[in-house]
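Undergrad: Attaching a single structure in structure tokens format; questions to follow.
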Amino acid sequence: MSGERAYLCLADGTTFEGVAWGAPGIATGEVVFTTGMTGYQEVLTDPSYCGQIVTMTAPQIGNTGINRDDDESTTGAPHVAGFLVRDLSPVAANFRASETLDAYLARHGIVALAGIDTRLLTRTLRDRGSQNGAIGKASPEELIRRAREAPSMEGLDLAQRVTPKEPYVWTEGSGAFGTKVPGAHAANKHVVCVDLGIKRNILRSLVDVGCRVTVVPAKTTAAEILDLAPDGVFVSNGPGDPAAVSYAIDTVRGLVGKKPLFGICLGHQILALAMGGRTYKLKFGHRGINQPVKDLDTGRIEITTQNHGFAVDLASLEGKARTTHVHLNDGTSEGLDLPGLSAFSVQYHPEAAAGPHDALYLFERFVRRMEEAARS
Amino acid sequence: MPRRDDLRKILLIGSGPIIIGQACEFDYSGTQGAKALAAEGYEVILVNSNPATIMTDPELAYRTYVEPLDVPTLTAILEQERPDAILPTLGGQTALNLALALDAAGVLARLGIELIGASPAAIRKAEDRALFKAAMERIGLTCPRSGHVKSVEEARALAETSGPWGAPLGYPVIVRPSFTLGGTGGGIAFRPEELEAKVRWAIEQSPTHETLIEESVLGWKEFELEVIRDKADNFIVVCSIENIDPMGVHTGDSITCAPSMTLTDREYQKLRNAARAVMTEIGVETGGSNVQFAVNPEDGRFVVIEMNPRVSRSSALASKATGYPIAKIAAKLAVGYRLDELTNDITGTSAAFEPTIDYVVVKWPRFAFEKFPGADRRLGPQMKSVGEVMSIGRTFAEALQKAARSLETGRDGLESLLGKVDYRQLGSDPNQARDMLMDAPREPSVPVEMPPPSHEDLVAALEKIVGVPVADRLFYVADAVRLGIPLESLYEATRIDRWFLSQIDRIVRFERTLAEVAKEKGALDERTLRDAKRLGFSDRSIARLIGRTEDEVRALRMTLGVRAVFGRVDTCAAEFVAKTPYLYSTYERESEAAPSGRRKVIILGGGPNRIGQGIEFDYCCVHAAFALRDLGFETIMVNCNPETVSTDYDTSDRLYFEPLTFEDVLSICDEERKDGELVGVVVQYGGQTPLKLSVPLARAGVPILGTPADAIDRAEDRGRFDALLTKLGLKRPRAAVASSVEEAIEAARSIGYPVLVRPSYVLGGRAMMICHEEKELEAYTHAAVEAAREAGTHTILVDEFLKDAIEVDVDALGDGREVVIGGVMQHIEEAGIHSGDSSCVLPPHSLPLEVVASIEEQSRQLALELGVIGLMNVQFAVKGGTIYVLEVNPRASRTVPFVSKATGRPLAKIAAQVMAGKTLAELGITDGVMPQHVAVKESVFPFAKFPGVDTQLGPEMRSTGEVMGIAPTFAHAFGKALRASGMQLPNTGCAFISVKNDDKPAACVIARRLRALGFTILATSGTAQALARARIPATPINKVNEGSPHVVDAMKAGQVSLVVNTTVGARSIRDSYPIRRNALLANVPYFTTMAAAMAAVDVLEASAHDARASYRVRSLQEWNPST
């Protein structure tokens, strides 16, 4: 840790003082907070955080260092625009650790600050809403200017920045240190994943339930996907404003009813948009691994991982889709089903990583949908 | 699934007296449960033998029974009340075991009573180690390999030759007796030669006489998950807790932190999945549980250690650490609700979520080894701590240092003990290193003048010491870091995770920074000072490190604007707005305290439970909060004890979870004074802890409520106290003050032996002793001078000891003009036994009325003269018709809850109202209450936890808790109290009597009465001769030192059912030690005072006359109908 003074400035002028670590330079992006107490490595590498400066509300970060298994990006690189912590660990204390967090971020060019009053920052974002910010070893005036110049998240298509250039085949399962989807699986279904910033654990979970997985770029059309003869299509999570990914909405519209479909997070929003629903930006989003979701069919509560700043307008789905899950705290849309069309999606992250494994069963549901479709 | 309407009346079982392993956390959970059920409209029936609890306050339940927690008594209560259900999961192991016993006895089936919260089958599956292990294997989880044995031979076979799994377990092995609490009787056998003693001890401690021999996972990381499950299989983890001390130290004795610090998400989720599977498999349908895991730091493999299908000490900690009220939610789930139907009080959002926190919580246990000379101080599978503190900080370092200063062991943080502790001597201490079970403690070695230790000496000693887990180990580790021992060597020696070691290293390095900056710049700059505070350094620590005073550091902080701010405990890391002001101090930018504009009172709590200062004081603080809230004040609680009701966020209007030091309390006063009016601070309710702060706080301009600080000094200061008594014409034992060994000897000579010696300003008779001769006095005074210095004074008190006097305790209320007697209690044991350890009777059972009247009058005079506004306790001794004043304490006493329960008059509540300005007359309190029944308080001791410690009672308090028996007559009340304390008096059998010369006449009376009850008598030669002279047949038997067959042989053969043993002089005490120890081991009732033995004979006669009388039960509401 360099120990040099650095600042975080929000677009509204609020300034926080901290100490610089990670890479040198200035970073800008939407400042958001996540409340998970474990899983900072997964957060750093989750493509959905692309373009965002992420604050961990848990104060002691970096304790277990960085290891080779827990990356959520398919490339292994971090995706956050910047990283804010209250207290950075001087050591990497875990048998799997291969380097310290500081060294990792420095290596990948990610600007980070420690010593930030992350609680005050969180309260600020909670009360005033998420906003852009800039961090680095520059004057507050400079940083405020940079924060104000940064583009707004609304209308931003960030999927383009994280989607692969070419299609590829994915074969890796959850591996020795992951938790497999429970039960025995010999599905052997072919799933095409539309990668808008897909998390690695979604791919692993699909492999775990016995799927052959082909990953395709965001702008792959419905026809191109159908040409791959999939048993089902998966629409991934990803960063940015769902309304801005019109090409993916078109793709999904072209697939609904033709192939079983499963969407997660951005994929959920896109499915809703494809069905004629609307999305809107939440004040400060849902980001954490303790979010309670109610399954309206069973009445059961799932503790879920969430990471989204936009949400599906429940009312806009009326008559278009069945709502299957809602957020227990604010009643927002968490899941929808199009029974006749064999498509379903959830706003939260059943693949967890980081977070509880309460909803891994959804991957099995997807396989069952594909099996049903094959039978009929 | 909403509230069950088929239930109307629910019985809650409490956990009984405070003992090691089961403390006021169950008052906290029981109180929450009772409140929650009452709020749901159920009739709550409450049973607990412990009067010093909030849960037994008559207002909290429809019917409250302060009765022994045993099957016959519970059966009587159930027959009388006919509840629909019993909720046994909030009263610790005691309640769970009792519920199982009631089920096994067929009582529940016969009366059609349902167990809610956990079914008998679920409880058995979780509690029976064999069933549990089988269940874990069914769901694919691993437990450490183990086997059950009933003999040393079987144990040896498992450890050394073979087990069902083929290979032997190999050493070390863990010995865990079945069905004991807090790991009682457990141990680690590191080597073959240790196995026999450990296994024998364990088998003796186990009610089923069997023990588990378990593979050691020593050095693995230890985690606990506090979890909740409802009927719909909804499951949440409320909190993860990581033990800083690795496996091998009982979790109650470990320093722990929340949330877990050294797990990746993948590792953590594996534990979460496992905990969920455990809950489902065990079948805990509704409520809170805790699951413990050990994780191998080398490869992440984990094993399940155990689970508790009930709320626990850890769930109390988890509730305080997160703000999530586990017991309250568990109670509601037990009556049918689902998690998603309940609300999180703090945020108003759903209760079906997992709390997340943005601070670090550290729990640090508090030990009382100084009370038990000779006890093995090493920590192991059996819990030894008597209390704990919790602290909250934004960083681990901050929380750790706050916890260290919350302990009140004279440490201001993780400070150096170099220069205070002789590490060289510690490394070679025979008691430290020995492994004892039945042997008397070794004589401490005579200190030899040695040259000061070299750096090499210290490094060598510390390298050896840190490998042994003891109470102060983390301080030793920090000193090892200070001496430059590499972290990696410390990791190898301690297996404390490298991350925790790195944090200690960081604190130690910053000490150097502080000293360097102060030296270079002459003073600290703002940034350095702020960094220090953010690492948890107290003003006193900083002052010591830079050679300034605490006041100077504070002044500098104020000048530089480095002030504490307050964060909120909100369950959600600020994601939602917190409605409850549950606060902790830290050093950040903005305070969230938001003090109100109201008239407010701050109540200072008692800090960690310890012997001499326990739940009784928390009871008083809670009453203050309730009473002052009723009067319209905003109530603000300050305390750092996570077990308590006082630290429940809804006990007072605002809660500060903070150390009770001058610095921390003053920061709170400053914050609260930003708005509204701070009417005053209550210091007289939390025991010695807040009382010690009264003078400095008053000096800092903080108003003190009630009795002025000067009155406390007048009662404590020997000279001023003498003047006070002289003025009032009251008598006291001859006394003198000494500040050296020589002065003490001089004083004793003029007073005459025996004398009572003690340091001034200490609670619980710390280092108090009766010396019969000069040699004893000389040997002892060194220790007393030391204890006095620890307490921050230099004087020791030498008093005439009133042999065979009767002691009397009085609690009184004063408003400055009027005084009302709360209760007069006569001690059963004669003078010389600490008042906290002796049993006492209300009203006095054998004192002449005019003596009682005179005692009341003297108490009145004292209260008026001292200007007591609030509570006062006076201790008297009565000898030959003369009344002596022993001690006056113008504050709440240990007996306040007992008196309140016995008389039905809530003294603490009334006194709080008086402190707030009401007069007794206004409150309608004009005269004492004279109950028509008799209440007896009996003390409960932790001797079973401390092999090698003498059970002889004396002037130093050693009991951890108390029980109350209440009945129409003294004998039945005392009988109930004895039973509640765990003593089962035999109806007949063989009584062993061996008494000192002075007691021989009384021994004859006892023997004669026992004979009449059908007992045979066994006596040592001297006593046997005395009995023979009185023509009482008795069989003589050898003392232990007279050779076999001797009395201990007879005891081991099960031939003795009652022991009466009094001694005088060090030699006789040492010689008779094995008798008392064996009586304890074999659970044979034993009496070390004639008065108690005589009272026990009263009980035996009364129950011979009417055996059923002591099982008749009545609720407090019926005993004291006016309340």
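Starting from 1 in every chain, residues are counted up; chains themselves are A, B, ... following the order of the structure tokens, and ligands are numbered from 1 as listed.
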Output the contact residues of chain B with respect to chain A at a cut-off of 7 Å, based on only C-alpha atoms, as a PyMOL selection string.
TA: chain B and resi 232+234+261-266+269+297-299+349-350+352-354+356-359+394-395+498-499+573-575+588-589
Undergrad: If you keep N, CA and C atoms, can you produce a file of those selected residues as a tab-separated table (two decimals), in the first residue's frame?
TA:
```tsv
chain	number	residue	atom	x	y	z
B	232	ALA	N	-41.53	-23.71	7.11
B	232	ALA	CA	-41.60	-23.83	5.66
B	232	ALA	C	-40.22	-24.09	5.06
B	234	ASN	N	-37.67	-22.34	5.37
B	234	ASN	CA	-36.88	-21.14	5.09
B	234	ASN	C	-35.72	-21.11	6.07
B	261	MET	N	-13.55	-13.83	9.15
B	261	MET	CA	-12.58	-12.95	8.50
B	261	MET	C	-11.71	-13.66	7.48
B	262	THR	N	-11.57	-14.96	7.60
B	262	THR	CA	-10.53	-15.62	6.80
B	262	THR	C	-11.08	-16.69	5.85
B	263	LEU	N	-12.36	-16.54	5.46
B	263	LEU	CA	-12.92	-17.50	4.51
B	263	LEU	C	-13.22	-16.81	3.20
B	264	THR	N	-12.90	-17.48	2.10
B	264	THR	CA	-13.37	-17.00	0.81
B	264	THR	C	-14.86	-17.31	0.74
B	265	ASP	N	-15.54	-16.74	-0.23
B	265	ASP	CA	-16.97	-17.00	-0.35
B	265	ASP	C	-17.24	-18.48	-0.59
B	266	ARG	N	-16.42	-19.11	-1.41
B	266	ARG	CA	-16.65	-20.53	-1.69
B	266	ARG	C	-16.57	-21.36	-0.43
B	269	GLN	N	-19.65	-20.54	1.78
B	269	GLN	CA	-20.91	-21.11	1.30
B	269	GLN	C	-20.97	-22.62	1.54
B	297	PRO	N	-6.81	-25.35	7.87
B	297	PRO	CA	-6.26	-24.18	7.17
B	297	PRO	C	-5.38	-24.57	5.98
B	298	GLU	N	-4.96	-25.83	5.92
B	298	GLU	CA	-4.05	-26.23	4.84
B	298	GLU	C	-4.78	-26.54	3.54
B	299	ASP	N	-6.00	-27.07	3.66
B	299	ASP	CA	-6.67	-27.48	2.42
B	299	ASP	C	-8.16	-27.17	2.41
B	349	THR	N	-37.96	-3.71	7.33
B	349	THR	CA	-38.05	-4.63	6.20
B	349	THR	C	-38.30	-6.04	6.72
B	350	SER	N	-38.26	-7.03	5.83
B	350	SER	CA	-38.60	-8.39	6.24
B	350	SER	C	-37.54	-9.00	7.14
B	352	ALA	N	-36.92	-12.09	6.96
B	352	ALA	CA	-36.39	-13.21	6.20
B	352	ALA	C	-35.26	-12.73	5.30
B	353	PHE	N	-34.14	-12.43	5.89
B	353	PHE	CA	-32.98	-12.01	5.12
B	353	PHE	C	-31.76	-12.35	5.97
B	354	GLU	N	-30.59	-12.17	5.42
B	354	GLU	CA	-29.40	-12.44	6.22
B	354	GLU	C	-28.75	-11.11	6.56
B	356	THR	N	-26.20	-8.27	7.27
B	356	THR	CA	-24.83	-8.02	6.81
B	356	THR	C	-24.34	-6.82	7.60
B	357	ILE	N	-23.09	-6.85	7.98
B	357	ILE	CA	-22.61	-5.78	8.86
B	357	ILE	C	-21.40	-5.09	8.25
B	358	ASP	N	-21.25	-3.82	8.61
B	358	ASP	CA	-20.15	-3.05	8.04
B	358	ASP	C	-19.19	-2.59	9.14
B	359	TYR	N	-19.06	-3.43	10.14
B	359	TYR	CA	-18.11	-3.18	11.23
B	359	TYR	C	-17.62	-4.55	11.65
B	394	ARG	N	-14.94	-0.19	13.49
B	394	ARG	CA	-15.01	-0.26	12.03
B	394	ARG	C	-13.91	-1.13	11.46
B	395	THR	N	-12.85	-1.34	12.26
B	395	THR	CA	-11.82	-2.27	11.82
B	395	THR	C	-11.63	-3.31	12.91
B	498	ARG	N	-2.95	-16.36	10.08
B	498	ARG	CA	-1.97	-15.33	9.74
B	498	ARG	C	-2.62	-13.95	9.60
B	499	TRP	N	-3.88	-13.93	9.21
B	499	TRP	CA	-4.52	-12.62	9.07
B	499	TRP	C	-4.65	-11.93	10.43
B	573	ALA	N	-25.83	-3.03	6.87
B	573	ALA	CA	-24.71	-2.27	6.30
B	573	ALA	C	-25.19	-0.99	5.61
B	574	ALA	N	-26.15	-0.32	6.23
B	574	ALA	CA	-26.63	0.99	5.77
B	574	ALA	C	-27.48	0.93	4.51
B	575	GLU	N	-27.85	-0.28	4.06
B	575	GLU	CA	-28.68	-0.35	2.85
B	575	GLU	C	-30.05	0.30	3.11
B	588	GLU	N	-14.76	8.08	12.32
B	588	GLU	CA	-15.09	8.31	10.92
B	588	GLU	C	-15.50	9.77	10.80
B	589	ARG	N	-16.12	10.09	9.66
B	589	ARG	CA	-16.37	11.50	9.40
B	589	ARG	C	-17.61	12.05	10.06
```
Undergrad: Please provide as a list in words all residues within 10 Å of region 250-254 of chain A, with the sequence filter that same-chain residues fewer than 6 positions apart are discarded (counting only C-alpha atoms).
TA: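 Close residues of region 250-254 of chain A: Val194, Ala218, Lys219, Thr220, Thr221, Ala222, Ala223, Glu224, Ile225, Leu226, Val233, Phe234, Val235, Leu261, Gly263, Gly267, Ile270, Leu271, Ala272, Leu273, Ala274, Met275 and Gly276 of chain A.
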Undergrad: Those same residues - N, CA and C atoms - I'd like them written as a short mmCIF file (atom, residue, chain, number, x, y, z; two decimals), in the first residue's frame.
TA:
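Listing of out-v1.cif after writing:
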```cif
data_model
loop_
_atom_site.label_atom_id
_atom_site.label_comp_id
_atom_site.auth_asym_id
_atom_site.auth_seq_id
_atom_site.Cartn_x
_atom_site.Cartn_y
_atom_site.Cartn_z
N VAL A 194 -26.14 -16.48 -24.74
CA VAL A 194 -25.88 -15.15 -25.28
C VAL A 194 -25.11 -14.38 -24.21
N ALA A 218 -22.82 -10.95 -28.04
CA ALA A 218 -24.08 -10.27 -27.74
C ALA A 218 -24.92 -10.02 -28.98
N LYS A 219 -24.26 -9.71 -30.08
CA LYS A 219 -25.01 -9.30 -31.27
C LYS A 219 -25.40 -10.45 -32.18
N THR A 220 -25.22 -11.68 -31.69
CA THR A 220 -25.63 -12.84 -32.48
C THR A 220 -27.15 -12.79 -32.67
N THR A 221 -27.61 -13.02 -33.87
CA THR A 221 -29.04 -12.89 -34.13
C THR A 221 -29.76 -14.19 -33.82
N ALA A 222 -31.07 -14.11 -33.77
CA ALA A 222 -31.90 -15.28 -33.48
C ALA A 222 -31.65 -16.36 -34.52
N ALA A 223 -31.56 -15.97 -35.76
CA ALA A 223 -31.37 -16.94 -36.83
C ALA A 223 -30.04 -17.66 -36.67
N GLU A 224 -29.01 -16.88 -36.36
CA GLU A 224 -27.70 -17.48 -36.17
C GLU A 224 -27.71 -18.48 -35.02
N ILE A 225 -28.45 -18.11 -33.98
CA ILE A 225 -28.52 -19.01 -32.82
C ILE A 225 -29.29 -20.28 -33.19
N LEU A 226 -30.39 -20.13 -33.89
CA LEU A 226 -31.18 -21.30 -34.28
C LEU A 226 -30.36 -22.22 -35.18
N VAL A 233 -31.84 -21.80 -25.03
CA VAL A 233 -31.00 -20.61 -25.13
C VAL A 233 -30.97 -19.92 -23.77
N PHE A 234 -29.77 -19.50 -23.38
CA PHE A 234 -29.61 -18.78 -22.12
C PHE A 234 -29.20 -17.34 -22.41
N VAL A 235 -29.86 -16.38 -21.77
CA VAL A 235 -29.51 -14.97 -21.94
C VAL A 235 -28.89 -14.48 -20.64
N LEU A 261 -36.12 -20.94 -23.07
CA LEU A 261 -35.27 -19.79 -22.80
C LEU A 261 -35.13 -19.55 -21.30
N GLY A 263 -33.26 -16.68 -18.63
CA GLY A 263 -32.50 -15.44 -18.51
C GLY A 263 -32.18 -15.12 -17.05
N GLY A 267 -30.52 -10.58 -18.53
CA GLY A 267 -31.31 -11.50 -19.35
C GLY A 267 -32.78 -11.46 -18.97
N ILE A 270 -34.15 -8.20 -20.33
CA ILE A 270 -34.29 -8.26 -21.78
C ILE A 270 -35.50 -9.07 -22.18
N LEU A 271 -35.74 -10.18 -21.48
CA LEU A 271 -36.91 -11.00 -21.77
C LEU A 271 -38.18 -10.17 -21.52
N ALA A 272 -38.17 -9.41 -20.41
CA ALA A 272 -39.33 -8.57 -20.10
C ALA A 272 -39.54 -7.52 -21.20
N LEU A 273 -38.44 -6.90 -21.62
CA LEU A 273 -38.54 -5.89 -22.68
C LEU A 273 -39.02 -6.51 -23.98
N ALA A 274 -38.54 -7.73 -24.27
CA ALA A 274 -38.94 -8.42 -25.49
C ALA A 274 -40.43 -8.72 -25.49
N MET A 275 -40.99 -8.91 -24.28
CA MET A 275 -42.41 -9.21 -24.17
C MET A 275 -43.25 -7.94 -24.11
N GLY A 276 -42.61 -6.79 -24.23
CA GLY A 276 -43.35 -5.54 -24.21
C GLY A 276 -43.39 -4.86 -22.86
#
```
Undergrad: Quick one: residues within 12 Å of Leu725 (chain B), only C-alpha atoms, excluding same-chain residues fewer than 6 positions away - as a PyMOL selection string?
TA: chain B and resi 714-715+718-719+731-733+858-859+861-863+865-866+884-888
Undergrad: Print the selection's residues with C-alpha atoms to a file, as an mmCIF file, in the first residue's frame.
TA:
```cif
data_model
loop_
_atom_site.group_PDB
_atom_site.id
_atom_site.type_symbol
_atom_site.label_atom_id
_atom_site.label_comp_id
_atom_site.auth_asym_id
_atom_site.auth_seq_id
_atom_site.Cartn_x
_atom_site.Cartn_y
_atom_site.Cartn_z
ATOM 1 C CA ARG B 714 -17.386 8.514 53.011
ATOM 2 C CA ALA B 715 -18.476 4.901 53.119
ATOM 3 C CA ARG B 718 -11.724 4.126 56.528
ATOM 4 C CA GLY B 719 -11.104 7.306 58.483
ATOM 5 C CA LYS B 731 -20.257 -0.063 66.690
ATOM 6 C CA ARG B 732 -17.905 -1.720 64.316
ATOM 7 C CA PRO B 733 -15.246 -4.383 64.735
ATOM 8 C CA GLN B 858 -29.162 1.709 62.376
ATOM 9 C CA SER B 859 -29.592 1.301 58.613
ATOM 10 C CA GLN B 861 -29.497 6.435 60.470
ATOM 11 C CA LEU B 862 -26.696 5.489 58.110
ATOM 12 C CA ALA B 863 -28.748 6.225 55.006
ATOM 13 C CA GLU B 865 -26.398 10.587 57.440
ATOM 14 C CA LEU B 866 -24.867 9.618 54.098
ATOM 15 C CA TYR B 884 -21.637 -4.343 64.555
ATOM 16 C CA VAL B 885 -21.637 -2.462 61.277
ATOM 17 C CA LEU B 886 -19.284 -4.246 58.885
ATOM 18 C CA GLU B 887 -19.738 -2.359 55.678
ATOM 19 C CA VAL B 888 -21.950 0.253 54.041
#
```
Undergrad: As an MDAnalysis selection string, which residues of region 62-124 of chain B does DSSP assign to helix (DSSP H, G or I)?
TA: chainID B and resid 71:81 92:104 107:111 120:124
Undergrad: With C-alpha atoms retained, could you export that selection as an mmCIF file, in the first residue's frame?
TA:
```
data_model
loop_
_atom_site.group_PDB
_atom_site.id
_atom_site.type_symbol
_atom_site.label_atom_id
_atom_site.label_comp_id
_atom_site.auth_asym_id
_atom_site.auth_seq_id
_atom_site.Cartn_x
_atom_site.Cartn_y
_atom_site.Cartn_z
ATOM 1 C CA VAL B 71 -38.799 -33.041 37.140
ATOM 2 C CA PRO B 72 -40.978 -33.290 40.279
ATOM 3 C CA THR B 73 -41.247 -29.510 40.592
ATOM 4 C CA LEU B 74 -41.957 -28.992 36.908
ATOM 5 C CA THR B 75 -44.517 -31.753 37.035
ATOM 6 C CA ALA B 76 -46.262 -29.992 39.894
ATOM 7 C CA ILE B 77 -46.251 -26.714 37.970
ATOM 8 C CA LEU B 78 -47.535 -28.371 34.809
ATOM 9 C CA GLU B 79 -50.315 -30.089 36.725
ATOM 10 C CA GLN B 80 -51.288 -26.821 38.320
ATOM 11 C CA GLU B 81 -51.101 -24.656 35.205
ATOM 12 C CA GLY B 92 -30.039 -23.282 27.542
ATOM 13 C CA GLN B 93 -29.000 -26.855 28.117
ATOM 14 C CA THR B 94 -30.854 -26.883 31.429
ATOM 15 C CA ALA B 95 -34.236 -26.256 29.842
ATOM 16 C CA LEU B 96 -33.568 -28.654 27.013
ATOM 17 C CA ASN B 97 -32.507 -31.456 29.362
ATOM 18 C CA LEU B 98 -35.472 -30.806 31.606
ATOM 19 C CA ALA B 99 -37.884 -30.917 28.686
ATOM 20 C CA LEU B 100 -36.382 -34.225 27.566
ATOM 21 C CA ALA B 101 -36.665 -35.604 31.089
ATOM 22 C CA LEU B 102 -40.300 -34.547 31.320
ATOM 23 C CA ASP B 103 -40.936 -36.236 28.019
ATOM 24 C CA ALA B 104 -39.117 -39.402 29.071
ATOM 25 C CA VAL B 107 -45.450 -36.248 31.967
ATOM 26 C CA LEU B 108 -45.929 -34.402 28.684
ATOM 27 C CA ALA B 109 -47.925 -37.229 27.143
ATOM 28 C CA ARG B 110 -50.029 -37.664 30.276
ATOM 29 C CA LEU B 111 -50.925 -33.978 30.447
ATOM 30 C CA PRO B 120 -37.828 -34.502 21.614
ATOM 31 C CA ALA B 121 -36.567 -36.485 18.647
ATOM 32 C CA ALA B 122 -34.716 -33.478 17.221
ATOM 33 C CA ILE B 123 -33.210 -32.631 20.587
ATOM 34 C CA ARG B 124 -32.003 -36.201 21.065
#
```
Undergrad: Under the rule that only C-alpha atoms are counted, which of B:Thr689, B:Asn48, B:Ser254, B:Ser1115 is the nearest residue to Asp472 (chain B)?
TA: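 Checking each candidate against Asp472 (chain B), we get B:Ser254 as the closest.
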Undergrad: May I have the residues within 12 Å of Arg365 (chain A) as a PDB file with C-alpha atoms, in the first residue's frame, using only C-alpha atoms and disregarding those fewer than 6 positions away in the same chain?
TA:
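That gives us around26.pdb:
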```pdb
ATOM      1  CA  VAL A 181     -25.924 -28.170  -8.415  1.00  0.00           C
ATOM      2  CA  HIS A 185     -27.371 -34.974 -14.085  1.00  0.00           C
ATOM      3  CA  ALA A 187     -28.941 -34.138 -19.533  1.00  0.00           C
ATOM      4  CA  LEU A 206     -24.866 -25.296 -16.868  1.00  0.00           C
ATOM      5  CA  VAL A 209     -26.361 -30.050 -14.930  1.00  0.00           C
ATOM      6  CA  GLY A 232     -32.269 -24.158 -25.191  1.00  0.00           C
ATOM      7  CA  PRO A 260     -36.765 -22.928 -24.210  1.00  0.00           C
ATOM      8  CA  LEU A 261     -35.270 -19.791 -22.798  1.00  0.00           C
ATOM      9  CA  PHE A 262     -33.666 -18.914 -19.484  1.00  0.00           C
ATOM     10  CA  ASP A 337     -42.461 -17.119 -16.521  1.00  0.00           C
ATOM     11  CA  SER A 342     -41.221 -22.187 -22.273  1.00  0.00           C
ATOM     12  CA  ALA A 343     -39.283 -19.106 -21.242  1.00  0.00           C
ATOM     13  CA  PHE A 344     -38.453 -17.954 -17.729  1.00  0.00           C
ATOM     14  CA  SER A 345     -36.031 -15.616 -16.100  1.00  0.00           C
ATOM     15  CA  PRO A 350     -28.987 -18.364  -8.903  1.00  0.00           C
ATOM     16  CA  ALA A 359     -31.496 -21.071  -6.048  1.00  0.00           C
ATOM     17  CA  GLU A 371     -36.560 -32.026 -21.887  1.00  0.00           C
ATOM     18  CA  GLU A 372     -40.248 -31.131 -21.986  1.00  0.00           C
TER      19      GLU A 372
END
```
Undergrad: Please provide as a ChimeraX atom specification all residues within 12 Å of region 550-560 of chain B, with the sequence filter that same-chain residues fewer than 3 positions apart are discarded (counting only C-alpha atoms).
TA: /B:412,518,523-533,537-547,563-564,587,661-664,666-667,670,696,700
Undergrad: For Leu255 (chain A), which residue among A:Val192, A:Val312, A:Leu203, A:Val43 is the nearest when counting only C-alpha atoms?
TA: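 With only C-alpha atoms as the atom set, the closest residue is A:Val192.
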Undergrad: Give me, please, the distance in Å between CA of Glu166 (chain A) and CA of Cys265 (chain A), quoted to one decimal.
TA: 22.6 Å
Undergrad: Near Val245 (chain A), within 9 Å and counting only C-alpha atoms, which residues show up once chain neighbours fewer than 4 positions away are dropped, as a PyMOL selection string?
TA: chain A and resi 155-160+218+240-241+249-250+270
Undergrad: DSSP on the backbone: which residues in region 602-781 of chain B end up as strand (DSSP E or B)? Give the answer as a ChimeraX atom specification.
TA: /B:602-604,610,613,634-639,654-657,677-682,704,735-738,755-759,769-771
Undergrad: In Å, with one decimal, what is the gap from CA of Glu677 (chain B) to CA of Phe576 (chain B)?
TA: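 Answer for the CA of Glu677 (chain B) to CA of Phe576 (chain B) separation: 29.4 Å.
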